[in-house]
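Asker: After the structure tokens below, expect a handful of questions from me.
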Amino acid sequence: MAQTLRPNISGSLLATDNKPHPVQDTLLAVTLVLGAVSFIAGMFHHLHLLSSWTGLVGILTGAYGQFISETTRERFGLIVGLGAAAVGFFLGMAHGGLFGGLLG
């Protein structure tokens with residue numbers, strides 16, 4: 001065999017094709033931060049507004065990031081952020097929802 005397969009360890013941590021992906025990397029970072037905030041805030045009943053809204057925005061940014069992502073590493077991070085945002089969103093909805101106590 002004339003060629004051997006070697007892992008490509010050069011370049012960005014998130015771009016395995018050695019091209020810059022600033023929009024995708026930004027969406028990944030935003031989704032991870034919103035997912036973490038939503039997940040942590042979802043553990044507290046009185047923070048249901050924060051967890052539900054950050055979860056909803058995290059789900060939307062993560063979904064759009066998945067739509068335009070180009071590498072597997074970006075998709076992996078987006079799935080982690082999406083999962084955390086979804087759990088936080090659902091906990092926030094269970095504790096009072098997006099408008100709980102504000103409209104009634």
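Each chain in the structure tokens gets a letter, A, B and so on, in the order shown; residues start at 1 in every chain, and ligands are counted from 1 in the order they appear.
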Would you kindly return, as a CSV table (one decimal) with all heavy atoms, in the first residue's frame, each protein, DNA or RNA residue with an atom no farther than 9 Å from any atom of A:Thr31, considering only C-alpha atoms and excluding same-chain residues fewer than 3 positions away?

Answerer:
chain,number,residue,atom,x,y,z
A,26,THR,N,-19.3,30.5,15.7
A,26,THR,CA,-20.0,31.4,16.5
A,26,THR,C,-21.3,30.8,17.0
A,26,THR,O,-21.7,30.8,18.1
A,26,THR,CB,-20.3,32.7,15.8
A,26,THR,OG1,-19.0,33.3,15.4
A,26,THR,CG2,-21.0,33.7,16.7
A,27,LEU,N,-22.0,30.1,16.0
A,27,LEU,CA,-23.3,29.5,16.4
A,27,LEU,C,-23.1,28.3,17.4
A,27,LEU,O,-23.9,28.1,18.3
A,27,LEU,CB,-24.0,28.9,15.1
A,27,LEU,CG,-24.7,30.0,14.3
A,27,LEU,CD1,-25.2,29.4,13.0
A,27,LEU,CD2,-25.9,30.6,15.0
A,28,LEU,N,-22.0,27.6,17.2
A,28,LEU,CA,-21.6,26.6,18.1
A,28,LEU,C,-21.4,27.1,19.5
A,28,LEU,O,-21.9,26.6,20.5
A,28,LEU,CB,-20.4,25.8,17.7
A,28,LEU,CG,-19.7,24.8,18.6
A,28,LEU,CD1,-20.7,23.7,19.0
A,28,LEU,CD2,-18.5,24.2,18.0
A,34,LEU,N,-25.8,29.0,25.7
A,34,LEU,CA,-27.2,29.0,26.0
A,34,LEU,C,-27.7,27.7,26.6
A,34,LEU,O,-28.6,27.7,27.5
A,34,LEU,CB,-28.0,29.4,24.7
A,34,LEU,CG,-27.9,30.8,24.3
A,34,LEU,CD1,-28.6,31.0,22.9
A,34,LEU,CD2,-28.5,31.8,25.3
A,35,GLY,N,-27.2,26.6,26.0
A,35,GLY,CA,-27.5,25.3,26.6
A,35,GLY,C,-27.1,25.1,28.0
A,35,GLY,O,-27.9,24.6,28.8
A,36,ALA,N,-25.9,25.6,28.3
A,36,ALA,CA,-25.4,25.5,29.7
A,36,ALA,C,-26.2,26.3,30.7
A,36,ALA,O,-26.6,25.9,31.7
A,36,ALA,CB,-23.9,25.8,29.8
A,57,VAL,N,-34.1,29.8,22.6
A,57,VAL,CA,-33.2,30.5,21.7
A,57,VAL,C,-32.0,29.5,21.4
A,57,VAL,O,-31.5,29.4,20.3
A,57,VAL,CB,-32.6,31.8,22.3
A,57,VAL,CG1,-31.5,32.4,21.5
A,57,VAL,CG2,-33.8,32.8,22.5
A,58,GLY,N,-31.6,28.7,22.4
A,58,GLY,CA,-30.5,27.7,22.2
A,58,GLY,C,-30.9,26.7,21.2
A,58,GLY,O,-30.1,26.2,20.4
A,59,ILE,N,-32.2,26.2,21.3
A,59,ILE,CA,-32.7,25.2,20.3
A,59,ILE,C,-32.7,25.8,18.9
A,59,ILE,O,-32.3,25.1,17.9
A,59,ILE,CB,-34.1,24.8,20.7
A,59,ILE,CG1,-34.0,23.9,22.0
A,59,ILE,CG2,-34.8,24.0,19.6
A,59,ILE,CD1,-35.3,23.6,22.6
A,60,LEU,N,-33.1,27.1,18.8
A,60,LEU,CA,-33.2,27.7,17.4
A,60,LEU,C,-31.8,27.9,16.8
A,60,LEU,O,-31.6,27.6,15.7
A,60,LEU,CB,-34.0,29.0,17.5
A,60,LEU,CG,-35.5,28.8,17.9
A,60,LEU,CD1,-36.1,30.2,18.0
A,60,LEU,CD2,-36.2,28.0,16.9
A,61,THR,N,-30.9,28.4,17.7
A,61,THR,CA,-29.5,28.6,17.1
A,61,THR,C,-28.8,27.3,16.8
A,61,THR,O,-28.1,27.2,15.8
A,61,THR,CB,-28.7,29.5,18.1
A,61,THR,OG1,-28.6,28.8,19.3
A,61,THR,CG2,-29.2,30.9,18.3
A,62,GLY,N,-29.1,26.3,17.6
A,62,GLY,CA,-28.5,25.0,17.4
A,62,GLY,C,-29.0,24.3,16.1
A,62,GLY,O,-28.3,23.7,15.4
A,65,GLY,N,-27.5,26.1,13.3
A,65,GLY,CA,-26.2,25.7,13.2
A,65,GLY,C,-26.0,24.3,12.5
A,65,GLY,O,-25.1,24.1,11.8
A,77,GLY,N,-20.6,19.2,18.7
A,77,GLY,CA,-20.8,20.3,19.7
A,77,GLY,C,-22.2,20.9,19.7
A,77,GLY,O,-22.7,21.2,20.7
A,78,LEU,N,-22.7,21.0,18.5
A,78,LEU,CA,-24.1,21.5,18.4
A,78,LEU,C,-25.1,20.6,19.0
A,78,LEU,O,-26.1,21.0,19.6
A,78,LEU,CB,-24.4,21.8,16.9
A,78,LEU,CG,-23.8,23.0,16.3
A,78,LEU,CD1,-23.9,23.0,14.8
A,78,LEU,CD2,-24.4,24.3,16.9
A,80,VAL,N,-24.5,18.5,21.5
A,80,VAL,CA,-24.4,18.6,23.0
A,80,VAL,C,-25.1,19.9,23.5
A,80,VAL,O,-25.9,19.8,24.4
A,80,VAL,CB,-22.9,18.7,23.4
A,80,VAL,CG1,-22.7,19.0,24.8
A,80,VAL,CG2,-22.2,17.3,23.1
A,81,GLY,N,-24.9,21.0,22.8
A,81,GLY,CA,-25.6,22.2,23.2
A,81,GLY,C,-27.1,22.2,23.0
A,81,GLY,O,-27.9,22.7,23.8
A,82,LEU,N,-27.5,21.5,21.9
A,82,LEU,CA,-29.0,21.4,21.7
A,82,LEU,C,-29.6,20.5,22.7
A,82,LEU,O,-30.7,20.8,23.2
A,82,LEU,CB,-29.2,20.7,20.3
A,82,LEU,CG,-29.4,21.6,19.1
A,82,LEU,CD1,-29.3,20.8,17.8
A,82,LEU,CD2,-30.7,22.3,19.2
A,85,ALA,N,-29.9,22.6,25.9
A,85,ALA,CA,-30.9,23.6,25.8
A,85,ALA,C,-32.3,23.0,25.8
A,85,ALA,O,-33.2,23.6,26.4
A,85,ALA,CB,-30.7,24.4,24.4

Asker: Any idea what the distance is between atom CA of A:Gly42 and atom CA of A:Leu91?

Answerer: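 These atoms are spaced 5.2 Å apart.
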
Asker: Have a look at atom CA of A:Phe67 and atom CA of A:Gln24 and let me know their distance in Å, one decimal.

Answerer: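 Interatomic distance here is 9.8 Å.
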
Asker: What residues in chain A get the DSSP label helix (DSSP H, G or I)? Please answer as number ranges by chain.

Answerer: A: 22-41, 45-68, 72-95

Asker: Between atom CA of A:Asp25 and atom CA of A:Leu5, measure the distance and give it in Å to one decimal.

Answerer: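 Here the two named atoms are 27.1 Å from each other.
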
Asker: Counting only C-alpha atoms, which residue out of A:Leu102, A:His21, A:Phe90, A:Val30 sits closest to A:Ala63?

Answerer: A:Val30
